[in-house]
file work_30.txt (compact mmCIF, C-alpha atoms)
# COMPACT_ATOMS: atom_id res chain seq x y z
CA MET C 1 -33.70 2.01 -9.47
CA THR C 2 -33.29 -0.80 -11.98
CA GLU C 3 -32.08 -4.30 -11.14
CA ASP C 4 -28.82 -3.65 -12.98
CA THR C 5 -28.19 -0.52 -10.91
CA TRP C 6 -28.73 -2.42 -7.67
CA ARG C 7 -26.51 -5.24 -8.89
CA SER C 8 -23.73 -2.84 -9.83
CA LYS C 9 -23.65 -1.65 -6.23
CA VAL C 10 -23.37 -5.08 -4.60
CA GLU C 11 -19.57 -5.20 -4.70
CA ARG C 12 -19.25 -1.77 -3.09
CA TYR C 13 -21.89 -2.82 -0.52
CA ILE C 14 -19.82 -5.86 0.42
CA ASP C 15 -16.75 -3.65 0.72
CA ALA C 16 -18.74 -1.11 2.82
CA GLU C 17 -17.94 1.60 0.29
CA LEU C 18 -21.46 2.96 -0.23
CA SER C 19 -22.69 6.03 1.62
CA PRO C 20 -24.63 5.31 4.84
CA GLN C 21 -27.86 6.16 3.02
CA GLU C 22 -27.03 3.82 0.13
CA MET C 23 -25.98 1.08 2.57
CA ARG C 24 -29.39 1.27 4.27
CA ALA C 25 -31.22 1.30 0.93
CA MET C 26 -29.23 -1.70 -0.28
CA SER C 27 -29.90 -3.62 2.94
CA GLU C 28 -33.61 -3.06 2.45
CA HIS C 29 -33.38 -4.07 -1.20
CA LEU C 30 -31.60 -7.31 -0.32
CA ARG C 31 -34.50 -8.32 1.91
CA ASP C 32 -36.82 -8.23 -1.08
CA CYS C 33 -34.56 -9.26 -3.97
CA ALA C 34 -33.44 -12.88 -3.88
CA SER C 35 -31.19 -12.45 -6.90
CA CYS C 36 -29.15 -9.57 -5.43
CA ALA C 37 -29.15 -11.24 -2.00
CA SER C 38 -27.67 -14.38 -3.54
CA ASP C 39 -25.09 -12.33 -5.41
CA ALA C 40 -24.14 -10.45 -2.22
CA LEU C 41 -23.85 -13.67 -0.24
CA GLN C 42 -21.59 -15.23 -2.85
CA GLN C 43 -19.32 -12.20 -2.99
CA LEU C 44 -19.18 -12.08 0.79
CA GLN C 45 -18.16 -15.73 0.93
CA LEU C 46 -15.34 -15.12 -1.52
CA LYS C 47 -14.20 -12.06 0.44
CA ARG C 48 -14.15 -14.05 3.69
CA ALA C 49 -12.28 -16.93 2.07
CA ILE C 50 -9.63 -14.53 0.76
CA LYS C 51 -9.37 -12.89 4.18
CA ILE C 52 -8.58 -16.26 5.78
CA VAL C 53 -6.24 -17.56 3.09
CA GLY C 54 -4.59 -14.18 2.54
CA GLN C 55 -3.15 -14.05 6.07
CA CYS C 56 -1.08 -17.18 5.73
CA TYR C 57 2.42 -15.68 5.91
CA ALA C 58 3.90 -14.78 9.28
CA PRO C 59 7.39 -13.37 9.92
CA ALA C 60 9.89 -15.45 11.88
CA PRO C 61 10.29 -14.19 15.47
CA GLU C 62 14.06 -13.66 15.00
CA PHE C 63 13.42 -11.59 11.88
CA ARG C 64 10.95 -9.41 13.79
CA ARG C 65 13.47 -8.95 16.63
CA GLY C 66 16.26 -8.11 14.18
CA THR C 67 14.22 -5.48 12.38
CA HIS C 68 13.05 -4.05 15.69
CA ASP C 69 16.64 -3.83 16.92
CA GLN C 70 17.64 -1.98 13.77
CA MET C 71 15.23 0.78 14.67
CA ARG C 72 16.74 1.15 18.16
CA PRO C 73 20.48 0.80 17.55
CA GLN C 74 21.52 2.88 20.54
CA THR C 75 19.79 0.73 23.15
CA ARG C 76 19.57 -2.75 21.70
CA SER C 77 22.04 -5.50 20.94
CA THR C 78 23.58 -5.58 17.49
CA TRP C 79 24.07 -9.31 17.06
CA PHE C 80 21.80 -9.33 14.06
CA TRP C 81 23.74 -6.73 12.15
CA LYS C 82 26.36 -7.41 9.61
CA PRO C 83 29.65 -5.76 10.61
CA ALA C 84 29.60 -3.45 7.61
CA PHE C 85 26.11 -2.29 8.43
CA ALA C 86 27.07 -1.74 12.06
CA LEU C 87 29.96 0.45 10.93
CA ALA C 88 27.62 2.39 8.68
CA THR C 89 25.24 2.90 11.58
CA VAL C 90 27.98 4.29 13.80
CA VAL C 91 28.88 6.81 11.12
CA VAL C 92 25.22 7.73 10.66
CA ILE C 93 24.73 8.19 14.41
CA LEU C 94 27.86 10.35 14.61
CA ALA C 95 26.57 12.44 11.73
CA ALA C 96 23.18 12.76 13.44
CA VAL C 97 24.73 13.76 16.79
CA TRP C 98 26.99 16.26 15.09
CA PHE C 99 24.02 17.90 13.46
CA THR C 100 21.90 17.82 16.61
CA TYR C 101 24.43 19.90 18.50
CA SER C 102 25.41 22.12 15.67
CA SER C 103 24.38 25.73 16.12
CA LYS C 104 23.94 26.04 12.38
CA ARG C 105 21.36 23.34 12.12
CA GLY C 106 18.97 24.04 9.28
CA ARG C 107 16.96 22.36 6.65
CA SER C 108 19.87 22.20 4.22
CA GLN C 109 21.90 20.37 6.84
CA GLN C 110 19.09 17.92 7.43
CA LEU C 111 18.95 17.18 3.73
CA LEU C 112 22.71 16.76 3.58
CA THR C 113 22.55 14.41 6.58
CA GLU C 114 19.99 12.30 4.74
CA LEU C 115 22.29 12.13 1.74
CA VAL C 116 25.24 11.12 3.94
CA ASP C 117 23.04 8.42 5.45
CA ILE C 118 22.16 7.11 2.01
CA HIS C 119 25.78 7.28 0.83
CA VAL C 120 27.19 5.44 3.84
CA ALA C 121 24.40 2.88 4.17
CA ASP C 122 24.47 2.00 0.47
CA LEU C 123 28.23 1.55 0.37
CA ALA C 124 27.96 -0.80 3.34
CA ALA C 125 25.21 -2.82 1.67
CA SER C 126 26.00 -6.12 -0.02
CA THR C 127 24.78 -4.65 -3.33
CA PRO C 128 25.62 -0.92 -3.35
CA VAL C 129 24.33 -0.45 -6.90
CA GLU C 130 21.28 -1.72 -8.75
CA VAL C 131 22.89 -1.27 -12.14
CA ALA C 132 26.59 -2.10 -12.17
CA SER C 133 28.52 -0.82 -15.17
CA SER C 134 31.32 1.56 -15.99
CA ASP C 135 29.57 2.41 -19.26
CA ARG C 136 27.50 5.59 -18.99
CA HIS C 137 25.41 4.36 -21.94
CA THR C 138 24.34 1.38 -19.84
CA VAL C 139 23.81 3.20 -16.56
CA LYS C 140 21.83 6.18 -17.86
CA PRO C 141 19.18 4.16 -19.76
CA TRP C 142 18.58 2.04 -16.65
CA PHE C 143 16.94 5.07 -15.02
CA GLN C 144 14.46 5.53 -17.88
CA GLY C 145 10.95 5.27 -16.49
CA LYS C 146 12.24 5.21 -12.92
CA VAL C 147 12.95 8.91 -12.43
CA PRO C 148 10.82 11.78 -13.78
CA PHE C 149 13.70 13.50 -15.59
CA THR C 150 16.71 12.78 -17.74
CA PHE C 151 20.33 13.82 -17.32
CA ASP C 152 23.75 13.66 -18.96
CA LEU C 153 26.83 11.85 -17.70
CA PRO C 154 30.38 12.91 -18.52
CA GLU C 155 32.90 11.01 -20.62
CA LEU C 156 35.57 9.80 -18.17
CA ALA C 157 38.17 8.41 -20.57
CA ASN C 158 40.76 11.08 -19.73
CA SER C 159 39.94 11.41 -16.06
CA PRO C 160 40.90 9.42 -12.94
CA PHE C 161 37.26 8.64 -12.17
CA ILE C 162 35.58 5.28 -12.80
CA LEU C 163 31.81 4.90 -12.93
CA VAL C 164 30.76 1.99 -10.69
CA GLY C 165 27.02 2.07 -11.33
CA GLY C 166 23.83 3.56 -10.03
CA ARG C 167 20.70 3.04 -8.01
CA LEU C 168 17.46 4.80 -7.20
CA ALA C 169 17.52 7.17 -4.25
CA TYR C 170 14.73 9.06 -2.49
CA LEU C 171 14.90 12.51 -0.93
CA ASN C 172 11.71 13.98 0.52
CA HIS C 173 9.95 10.97 -1.08
CA GLU C 174 11.02 12.18 -4.52
CA PRO C 175 12.84 9.63 -6.65
CA GLY C 176 16.24 10.53 -7.96
CA THR C 177 19.48 8.99 -9.12
CA GLN C 178 22.49 7.96 -7.10
CA LEU C 179 25.58 7.38 -9.22
CA ILE C 180 28.69 5.96 -7.63
CA TYR C 181 32.17 6.80 -8.87
CA ASN C 182 35.54 5.46 -7.73
CA ILE C 183 38.76 7.39 -7.45
CA ARG C 184 41.85 5.89 -5.80
CA SER C 185 39.73 3.54 -3.59
CA HIS C 186 37.42 6.38 -2.54
CA HIS C 187 33.75 6.30 -3.38
CA ILE C 188 31.87 9.41 -4.45
CA SER C 189 28.09 9.57 -4.72
CA VAL C 190 26.42 11.84 -7.24
CA PHE C 191 22.75 12.48 -6.44
CA ILE C 192 20.42 14.11 -8.95
CA PHE C 193 16.87 15.19 -8.03
CA ARG C 194 14.30 17.54 -9.46
CA ASP C 195 15.04 20.98 -8.03
CA THR C 196 11.95 21.58 -5.88
CA PRO C 197 11.27 24.98 -4.24
CA GLU C 198 12.38 23.47 -0.93
CA LEU C 199 15.71 22.30 -2.32
CA ALA C 200 16.21 25.59 -4.12
CA SER C 201 15.62 27.60 -0.92
CA SER C 202 17.74 25.25 1.21
CA PHE C 203 20.68 25.63 -1.15
CA ALA C 204 20.10 29.20 -2.16
CA SER C 205 23.60 30.05 -3.25
CA LYS C 206 24.46 29.07 -6.80
CA ASP C 207 27.16 26.64 -5.72
CA ALA C 208 26.99 25.24 -2.20
CA ARG C 209 30.11 23.67 -0.77
CA THR C 210 30.65 22.31 2.70
CA ASP C 211 32.16 19.44 4.59
CA VAL C 212 30.72 17.36 7.40
CA LEU C 213 32.68 14.75 9.32
CA LYS C 214 35.22 14.76 6.50
CA PHE C 215 32.55 14.18 3.86
CA TYR C 216 32.94 16.88 1.27
CA PHE C 217 29.91 18.14 -0.63
CA GLU C 218 29.32 20.21 -3.67
CA SER C 219 25.81 21.10 -4.81
CA TRP C 220 24.42 23.14 -7.67
CA SER C 221 21.30 23.56 -9.77
CA ALA C 222 21.08 23.37 -13.54
CA HIS C 223 18.22 22.91 -15.99
CA GLY C 224 15.69 22.27 -13.20
CA LEU C 225 17.83 19.58 -11.59
CA ARG C 226 19.65 19.69 -8.26
CA TYR C 227 23.02 17.94 -8.14
CA PHE C 228 24.89 16.78 -5.04
CA VAL C 229 28.40 15.35 -5.18
CA LEU C 230 29.66 13.91 -1.89
CA GLY C 231 32.27 11.54 -0.63
CA ASP C 232 35.35 11.09 1.50
CA ALA C 233 37.73 11.87 -1.36
CA ASN C 234 39.69 15.10 -1.17
CA PRO C 235 37.92 18.38 -2.04
CA THR C 236 39.85 18.74 -5.30
CA ASP C 237 38.53 15.39 -6.54
CA ILE C 238 34.96 16.33 -5.61
CA GLN C 239 35.32 19.65 -7.41
CA GLN C 240 36.85 17.98 -10.47
CA LEU C 241 34.01 15.45 -10.73
CA ALA C 242 31.47 18.25 -10.19
CA GLY C 243 33.15 20.19 -12.98
CA LEU C 244 32.87 17.21 -15.36
CA LEU C 245 29.19 16.80 -14.52
CA LYS C 246 28.49 20.51 -15.03
CA GLN C 247 30.25 20.36 -18.37
CA ALA C 248 28.23 17.30 -19.43
CA GLY C 249 25.00 18.97 -18.30
CA ASN C 250 25.69 22.06 -20.37
CA SER C 251 26.93 20.30 -23.49
CA MET B 1 14.94 12.73 25.71
CA SER B 2 16.15 14.15 22.45
CA THR B 3 13.92 14.98 19.52
CA GLY B 4 15.50 12.14 17.57
CA GLN B 5 14.64 9.58 20.23
CA THR B 6 11.07 10.88 20.40
CA SER B 7 10.74 10.59 16.67
CA ALA B 8 12.19 7.06 16.68
CA ASP B 9 9.83 6.08 19.49
CA GLN B 10 6.89 7.53 17.63
CA PHE B 11 7.89 5.72 14.47
CA GLU B 12 8.21 2.46 16.38
CA GLN B 13 4.77 2.90 17.95
CA LEU B 14 3.21 3.44 14.55
CA ALA B 15 5.23 0.98 12.50
CA MET B 16 5.72 -2.14 14.64
CA PRO B 17 1.99 -3.01 14.93
CA LEU B 18 1.97 -3.20 11.12
CA PHE B 19 4.93 -5.60 10.98
CA ASP B 20 2.89 -8.80 10.42
CA SER B 21 0.69 -7.14 7.80
CA LEU B 22 3.65 -5.69 5.92
CA TYR B 23 5.48 -9.01 5.97
CA ASN B 24 2.39 -10.88 4.79
CA PHE B 25 1.87 -8.38 1.96
CA ALA B 26 5.58 -8.52 1.05
CA HIS B 27 5.44 -12.32 0.88
CA TRP B 28 2.42 -12.20 -1.41
CA LEU B 29 4.22 -9.74 -3.69
CA THR B 30 7.53 -11.58 -3.84
CA CYS B 31 6.29 -15.19 -3.33
CA ASN B 32 9.57 -15.82 -1.53
CA ARG B 33 10.53 -15.71 2.16
CA GLU B 34 14.03 -14.30 1.77
CA GLU B 35 12.92 -11.61 -0.65
CA ALA B 36 9.98 -10.73 1.60
CA GLU B 37 12.32 -10.30 4.57
CA GLU B 38 14.69 -8.10 2.56
CA LEU B 39 11.76 -6.06 1.31
CA VAL B 40 10.34 -5.51 4.80
CA GLN B 41 13.75 -4.64 6.21
CA GLU B 42 14.43 -2.11 3.46
CA THR B 43 10.94 -0.67 3.89
CA TYR B 44 11.47 -0.07 7.61
CA LEU B 45 14.87 1.54 7.04
CA LYS B 46 13.51 3.81 4.32
CA ALA B 47 10.42 4.68 6.34
CA LEU B 48 12.48 5.48 9.45
CA LYS B 49 14.83 7.59 7.39
CA GLY B 50 11.96 9.46 5.76
CA PHE B 51 9.76 9.70 8.84
CA SER B 52 10.58 13.39 9.30
CA GLY B 53 8.80 13.97 5.99
CA PHE B 54 5.67 12.09 7.04
CA GLN B 55 2.81 14.50 7.65
CA GLN B 56 1.31 13.89 11.08
CA GLY B 57 -2.41 13.26 10.95
CA THR B 58 -2.28 11.65 7.52
CA ASN B 59 -2.60 7.93 6.89
CA PHE B 60 0.55 6.23 8.19
CA ARG B 61 -0.58 2.76 7.11
CA ALA B 62 -1.10 3.85 3.49
CA TRP B 63 2.24 5.72 3.65
CA ILE B 64 4.33 2.74 4.79
CA PHE B 65 2.52 0.26 2.54
CA ARG B 66 3.26 2.62 -0.33
CA ILE B 67 6.97 2.64 0.57
CA LEU B 68 6.96 -1.16 0.63
CA ARG B 69 5.18 -1.36 -2.72
CA ASN B 70 7.49 1.20 -4.36
CA THR B 71 10.51 -0.63 -3.01
CA PHE B 72 9.15 -3.88 -4.47
CA LEU B 73 8.50 -2.26 -7.84
CA THR B 74 12.09 -1.06 -8.12
CA SER B 75 13.46 -4.50 -7.21
CA ARG B 76 14.39 -7.04 -9.86
CA SER B 77 11.40 -9.31 -9.13
CA GLY B 78 9.07 -6.31 -8.99
CA LEU B 79 10.13 -5.04 -12.39
CA LYS B 80 9.73 -8.53 -13.80
CA ALA B 81 6.28 -8.91 -12.25
CA MET B 82 5.09 -5.60 -13.68
CA GLN B 83 6.39 -6.41 -17.17
CA THR B 84 4.23 -9.50 -17.32
CA VAL B 85 0.94 -7.63 -16.92
CA SER B 86 1.29 -4.66 -19.21
CA PHE B 87 -1.08 -6.13 -21.80
CA ASP B 88 -3.71 -6.99 -19.20
CA VAL B 89 -3.70 -3.51 -17.71
CA ALA B 90 -4.42 -1.82 -20.99
CA ASP B 91 -8.00 -2.98 -21.17
CA GLU B 92 -8.81 -3.10 -17.50
CA GLU B 93 -11.34 -0.28 -17.68
CA THR B 94 -13.43 -1.99 -20.35
CA ALA B 95 -13.05 -5.36 -18.72
CA ALA B 96 -14.59 -4.03 -15.53
CA ALA B 97 -17.92 -3.68 -17.25
CA ALA B 98 -17.99 -7.29 -18.38
CA VAL B 99 -20.77 -9.50 -17.09
CA ASN B 100 -19.74 -12.56 -15.15
CA GLU B 101 -21.65 -15.76 -15.32
CA GLU B 102 -19.47 -18.07 -13.27
CA THR B 103 -20.41 -20.81 -10.95
CA PRO B 104 -21.86 -19.39 -7.73
CA GLU B 105 -19.21 -18.94 -5.08
CA SER B 106 -21.22 -20.91 -2.57
CA ILE B 107 -20.73 -24.00 -4.75
CA LEU B 108 -17.28 -23.01 -5.91
CA LEU B 109 -15.88 -22.23 -2.47
CA GLY B 110 -17.48 -25.33 -1.03
CA ARG B 111 -15.45 -27.41 -3.47
CA ALA B 112 -12.26 -25.37 -3.51
CA SER B 113 -9.78 -26.05 -0.74
CA GLN B 114 -7.77 -23.31 0.96
CA GLU B 115 -4.78 -24.50 -1.05
CA ALA B 116 -6.74 -23.93 -4.26
CA ILE B 117 -7.68 -20.41 -3.22
CA GLN B 118 -4.07 -19.69 -2.25
CA ALA B 119 -2.84 -21.04 -5.60
CA ALA B 120 -5.42 -18.95 -7.45
CA LEU B 121 -4.31 -15.83 -5.58
CA GLU B 122 -0.68 -16.57 -6.44
CA GLN B 123 -1.62 -16.95 -10.09
CA LEU B 124 -3.18 -13.49 -10.24
CA PRO B 125 -0.93 -10.86 -11.83
CA VAL B 126 0.62 -8.75 -9.11
CA ILE B 127 -1.38 -5.59 -9.91
CA PHE B 128 -4.63 -7.50 -9.30
CA ARG B 129 -3.31 -9.56 -6.39
CA GLU B 130 -2.25 -6.44 -4.49
CA VAL B 131 -5.68 -4.73 -4.64
CA VAL B 132 -7.47 -7.88 -3.46
CA LEU B 133 -5.04 -8.29 -0.57
CA LEU B 134 -5.23 -4.65 0.47
CA CYS B 135 -9.02 -4.67 0.33
CA ASP B 136 -9.94 -8.10 1.67
CA VAL B 137 -7.01 -8.95 3.93
CA GLU B 138 -5.92 -5.51 5.12
CA ASP B 139 -9.48 -4.12 5.12
CA MET B 140 -8.31 -0.94 3.42
CA SER B 141 -10.91 1.41 1.98
CA TYR B 142 -10.83 2.19 -1.74
CA ASP B 143 -9.42 5.59 -0.82
CA GLU B 144 -6.58 4.05 1.21
CA ILE B 145 -5.80 1.63 -1.62
CA SER B 146 -5.78 4.57 -4.00
CA GLN B 147 -3.23 6.35 -1.78
CA THR B 148 -1.13 3.22 -1.37
CA ILE B 149 -0.94 2.30 -5.02
CA GLY B 150 -1.15 5.81 -6.43
CA ILE B 151 -4.07 5.21 -8.79
CA PRO B 152 -7.54 6.86 -8.90
CA VAL B 153 -10.35 5.35 -6.82
CA GLY B 154 -12.22 4.45 -10.03
CA THR B 155 -9.26 2.38 -11.18
CA VAL B 156 -9.10 0.70 -7.77
CA MET B 157 -12.74 -0.36 -8.21
CA SER B 158 -12.29 -1.66 -11.75
CA ARG B 159 -9.05 -3.44 -10.86
CA LEU B 160 -10.68 -5.02 -7.81
CA HIS B 161 -13.67 -6.15 -9.84
CA ARG B 162 -11.46 -7.69 -12.46
CA ALA B 163 -9.23 -9.35 -9.87
CA ARG B 164 -12.19 -11.04 -8.20
CA ARG B 165 -13.59 -12.11 -11.54
CA SER B 166 -10.24 -13.66 -12.47
CA LEU B 167 -10.11 -15.41 -9.10
CA ARG B 168 -13.53 -16.94 -9.70
CA GLN B 169 -12.43 -18.12 -13.13
CA LEU B 170 -9.23 -19.63 -11.75
CA LEU B 171 -11.13 -21.40 -8.97
CA GLN B 172 -13.66 -22.66 -11.46
CA GLU B 173 -10.89 -24.15 -13.57
CA LYS B 174 -9.34 -25.79 -10.53
CA VAL B 175 -12.64 -27.24 -9.33
CA HIS B 176 -13.52 -28.54 -12.79
CA GLY B 177 -9.97 -29.82 -13.29
CA ALA B 178 -10.11 -31.72 -10.00
CA ALA B 179 -13.52 -33.16 -10.89
CA ASN B 180 -12.19 -34.46 -14.21
CA ASP B 181 -9.09 -36.07 -12.66

call {"tool": "encode", "arguments": {"input": "work_30.txt", "output": "structure tokens"}}
result
Amino acid sequence: MTEDTWRSKVERYIDAELSPQEMRAMSEHLRDCASCASDALQQLQLKRAIKIVGQCYAPAPEFRRGTHDQMRPQTRSTWFWKPAFALATVVVILAAVWFTYSSKRGRSQQLLTELVDIHVADLAASTPVEVASSDRHTVKPWFQGKVPFTFDLPELANSPFILVGGRLAYLNHEPGTQLIYNIRSHHISVFIFRDTPELASSFASKDARTDVLKFYFESWSAHGLRYFVLGDANPTDIQQLAGLLKQAGNS
Amino acid sequence: MSTGQTSADQFEQLAMPLFDSLYNFAHWLTCNREEAEELVQETYLKALKGFSGFQQGTNFRAWIFRILRNTFLTSRSGLKAMQTVSFDVADEETAAAAVNEETPESILLGRASQEAIQAALEQLPVIFREVVLLCDVEDMSYDEISQTIGIPVGTVMSRLHRARRSLRQLLQEKVHGAAND
């Protein structure tokens, strides 16, 4: 093996990324080669210095406690929580309990529960949207490069709906869009994800409609995308917004 | 005990030991305490929410670090940080092969204070800073880093090499700058 080959392996040796056989061979080589040994020592010193300096930030004890409490809302105090978030949590817990004891519990219901969680938690957040605009030509481009698909939004000029904005959402670790619309003080979330085999099988019927804890859903698939419209508005409003979205998607 | 409680307990057992590491990493990414706290909090909520989708037996640490990193990248400061390095990333593969002829670290590190090393790390573009931190501070293997960042192992190696080379250059400048003052 040439000197250059040995030298090219020093960094991986320091990071313990060579095979056991190569690690042994390198160790033996370092005993005989002052140049590589010096190189390895220098790299090791830098690695150790970074290890020490790189651990300089520690979380505040109250922040650790607060985050810990958030994970155990049913048994811990809620002093850390903002009132809006606490309200959201209650709704989420109720939704979870409802589903736990439902005889119809299935994968589709689990997915819908996740979407309710996202909808409620985001509306309770201090910044419910990451892009705030009523202009669809501002909101849609914001998602470019953030989600692996594109989509069409309806013109709302002659409708009672107002686009509030959008944010990224994740379902089954897949990125998607969450668009928020307003109608008579009610918020409606429109989620769009790639229609995976799991989503397709969970919502097998062409149009799935249901309601959970007064949240009304409508879901459908078009052009490889899965749409979910949900909110606490009345079913007619949900259907009307779904209709506008379907029309935009097919235009 | 319900299934939900068991799952929450299991999540807590896996996630809380990583709290300090995640916070430290978040602080290095954001360079700001408040943003780091928000990032960690959002990461834990997302991870808890998505824990049912986590495949048991796979690498939980890489999974939750990946959630934190993805959350950072979609934040305002994350998008800004990534925009500033697009030019540097383009030639990272070729740069990895470059020969370095810097001052030996034994001399360099002897002269450089911890503050200088910290400042040099902060100056690194975020895509280089993160690989160094995951490798040297979190002791992640190249494979774990690859899973966390979502890039091939070969790119992890070249990015790591370039990050360390840049660090040496930055330290060299600081040491020489201090000597000339």

call {"tool": "residues_around", "arguments": {"input": "work_30.txt", "residues": "C:Thr177", "least_positions_apart": "3", "cutoff": "6 Å", "atoms": "only C-alpha atoms", "output": "list of chain:residue names"}}
result
C:Leu168, C:Ala169, C:Phe191, C:Ile192

call {"tool": "interface_residues", "arguments": {"input": "work_30.txt", "of": "chain C", "to": "chain B", "cutoff": "7 Å", "atoms": "all atoms listed in the file", "output": "VMD selection string"}}
result
chain C and resid 42 45 to 47 50 to 51 53 to 55 57 to 59 67 172

call {"tool": "write_last_selection", "arguments": {"input": "work_30.txt", "atoms": "C-alpha atoms", "output": "compact mmCIF listing (two decimals), in the frame of the given file"}}
result
# COMPACT_ATOMS: atom_id res chain seq x y z
CA GLN C 42 -21.59 -15.23 -2.85
CA GLN C 45 -18.16 -15.73 0.93
CA LEU C 46 -15.34 -15.12 -1.52
CA LYS C 47 -14.20 -12.06 0.44
CA ILE C 50 -9.63 -14.53 0.76
CA LYS C 51 -9.37 -12.89 4.18
CA VAL C 53 -6.24 -17.56 3.09
CA GLY C 54 -4.59 -14.18 2.54
CA GLN C 55 -3.15 -14.05 6.07
CA TYR C 57 2.42 -15.68 5.91
CA ALA C 58 3.90 -14.78 9.28
CA PRO C 59 7.39 -13.37 9.92
CA THR C 67 14.22 -5.48 12.38
CA ASN C 172 11.71 13.98 0.52

call {"tool": "atom_distance", "arguments": {"input": "work_30.txt", "atom1": "atom CA of C:Ile188", "atom2": "atom CA of C:Leu230"}}
result
5.6 Å

call {"tool": "atom_distance", "arguments": {"input": "work_30.txt", "atom1": "atom CA of C:Gly166", "atom2": "atom CA of C:Thr196"}}
result
22.0 Å

call {"tool": "residues_around", "arguments": {"input": "work_30.txt", "residues": "B:Val156", "least_positions_apart": "6", "cutoff": "8 Å", "atoms": "all atoms listed in the file", "output": "PyMOL selection string"}}
result
chain B and resi 131+142+145-146

call {"tool": "atom_distance", "arguments": {"input": "work_30.txt", "atom1": "atom CA of C:Arg184", "atom2": "atom CA of C:Glu218"}}
result
19.1 Å

call {"tool": "residues_around", "arguments": {"input": "work_30.txt", "residues": "stretch 150-161 of chain C", "least_positions_apart": "3", "cutoff": "12 Å", "atoms": "only C-alpha atoms", "output": "JSON list (two decimals) with C-alpha atoms, keeping the file's coordinate frame"}}
result
[["chain", "number", "residue", "atom", "x", "y", "z"],
["C", 134, "SER", "CA", 31.32, 1.56, -15.99],
["C", 135, "ASP", "CA", 29.57, 2.41, -19.26],
["C", 136, "ARG", "CA", 27.50, 5.59, -18.99],
["C", 137, "HIS", "CA", 25.41, 4.36, -21.94],
["C", 138, "THR", "CA", 24.34, 1.38, -19.84],
["C", 139, "VAL", "CA", 23.81, 3.20, -16.56],
["C", 140, "LYS", "CA", 21.83, 6.18, -17.86],
["C", 141, "PRO", "CA", 19.18, 4.16, -19.76],
["C", 142, "TRP", "CA", 18.58, 2.04, -16.65],
["C", 143, "PHE", "CA", 16.94, 5.07, -15.02],
["C", 144, "GLN", "CA", 14.46, 5.53, -17.88],
["C", 145, "GLY", "CA", 10.95, 5.27, -16.49],
["C", 146, "LYS", "CA", 12.24, 5.21, -12.92],
["C", 147, "VAL", "CA", 12.95, 8.91, -12.43],
["C", 164, "VAL", "CA", 30.76, 1.99, -10.69],
["C", 165, "GLY", "CA", 27.02, 2.07, -11.33],
["C", 166, "GLY", "CA", 23.83, 3.56, -10.03],
["C", 176, "GLY", "CA", 16.24, 10.53, -7.96],
["C", 177, "THR", "CA", 19.48, 8.99, -9.12],
["C", 178, "GLN", "CA", 22.49, 7.96, -7.10],
["C", 179, "LEU", "CA", 25.58, 7.38, -9.22],
["C", 180, "ILE", "CA", 28.69, 5.96, -7.63],
["C", 181, "TYR", "CA", 32.17, 6.80, -8.87],
["C", 182, "ASN", "CA", 35.54, 5.46, -7.73],
["C", 183, "ILE", "CA", 38.76, 7.39, -7.45],
["C", 184, "ARG", "CA", 41.85, 5.89, -5.80],
["C", 185, "SER", "CA", 39.73, 3.54, -3.59],
["C", 186, "HIS", "CA", 37.42, 6.38, -2.54],
["C", 187, "HIS", "CA", 33.75, 6.30, -3.38],
["C", 188, "ILE", "CA", 31.87, 9.41, -4.45],
["C", 189, "SER", "CA", 28.09, 9.57, -4.72],
["C", 190, "VAL", "CA", 26.42, 11.84, -7.24],
["C", 191, "PHE", "CA", 22.75, 12.48, -6.44],
["C", 192, "ILE", "CA", 20.42, 14.11, -8.95],
["C", 193, "PHE", "CA", 16.87, 15.19, -8.03],
["C", 194, "ARG", "CA", 14.30, 17.54, -9.46],
["C", 222, "ALA", "CA", 21.08, 23.37, -13.54],
["C", 223, "HIS", "CA", 18.22, 22.91, -15.99],
["C", 224, "GLY", "CA", 15.69, 22.27, -13.20],
["C", 225, "LEU", "CA", 17.83, 19.58, -11.59],
["C", 226, "ARG", "CA", 19.65, 19.69, -8.26],
["C", 227, "TYR", "CA", 23.02, 17.94, -8.14],
["C", 233, "ALA", "CA", 37.73, 11.87, -1.36],
["C", 237, "ASP", "CA", 38.53, 15.39, -6.54],
["C", 238, "ILE", "CA", 34.96, 16.33, -5.61],
["C", 240, "GLN", "CA", 36.85, 17.98, -10.47],
["C", 241, "LEU", "CA", 34.01, 15.45, -10.73],
["C", 242, "ALA", "CA", 31.47, 18.25, -10.19],
["C", 243, "GLY", "CA", 33.15, 20.19, -12.98],
["C", 244, "LEU", "CA", 32.87, 17.21, -15.36],
["C", 245, "LEU", "CA", 29.19, 16.80, -14.52],
["C", 246, "LYS", "CA", 28.49, 20.51, -15.03],
["C", 247, "GLN", "CA", 30.25, 20.36, -18.37],
["C", 248, "ALA", "CA", 28.23, 17.30, -19.43],
["C", 249, "GLY", "CA", 25.00, 18.97, -18.30],
["C", 250, "ASN", "CA", 25.69, 22.06, -20.37],
["C", 251, "SER", "CA", 26.93, 20.30, -23.49]]

call {"tool": "residues_around", "arguments": {"input": "work_30.txt", "residues": "stretch 147-149 of chain B", "least_positions_apart": "4", "cutoff": "8 Å", "atoms": "only C-alpha atoms", "output": "PDB file with C-alpha atoms, in the frame of the given file"}}
result
ATOM      1  CA  ALA B  62      -1.100   3.850   3.490  1.00  0.00           C
ATOM      2  CA  TRP B  63       2.240   5.720   3.650  1.00  0.00           C
ATOM      3  CA  PHE B  65       2.520   0.260   2.540  1.00  0.00           C
ATOM      4  CA  ARG B  66       3.260   2.620  -0.330  1.00  0.00           C
ATOM      5  CA  ARG B  69       5.180  -1.360  -2.720  1.00  0.00           C
ATOM      6  CA  ASP B 143      -9.420   5.590  -0.820  1.00  0.00           C
TER       7      ASP B 143
END
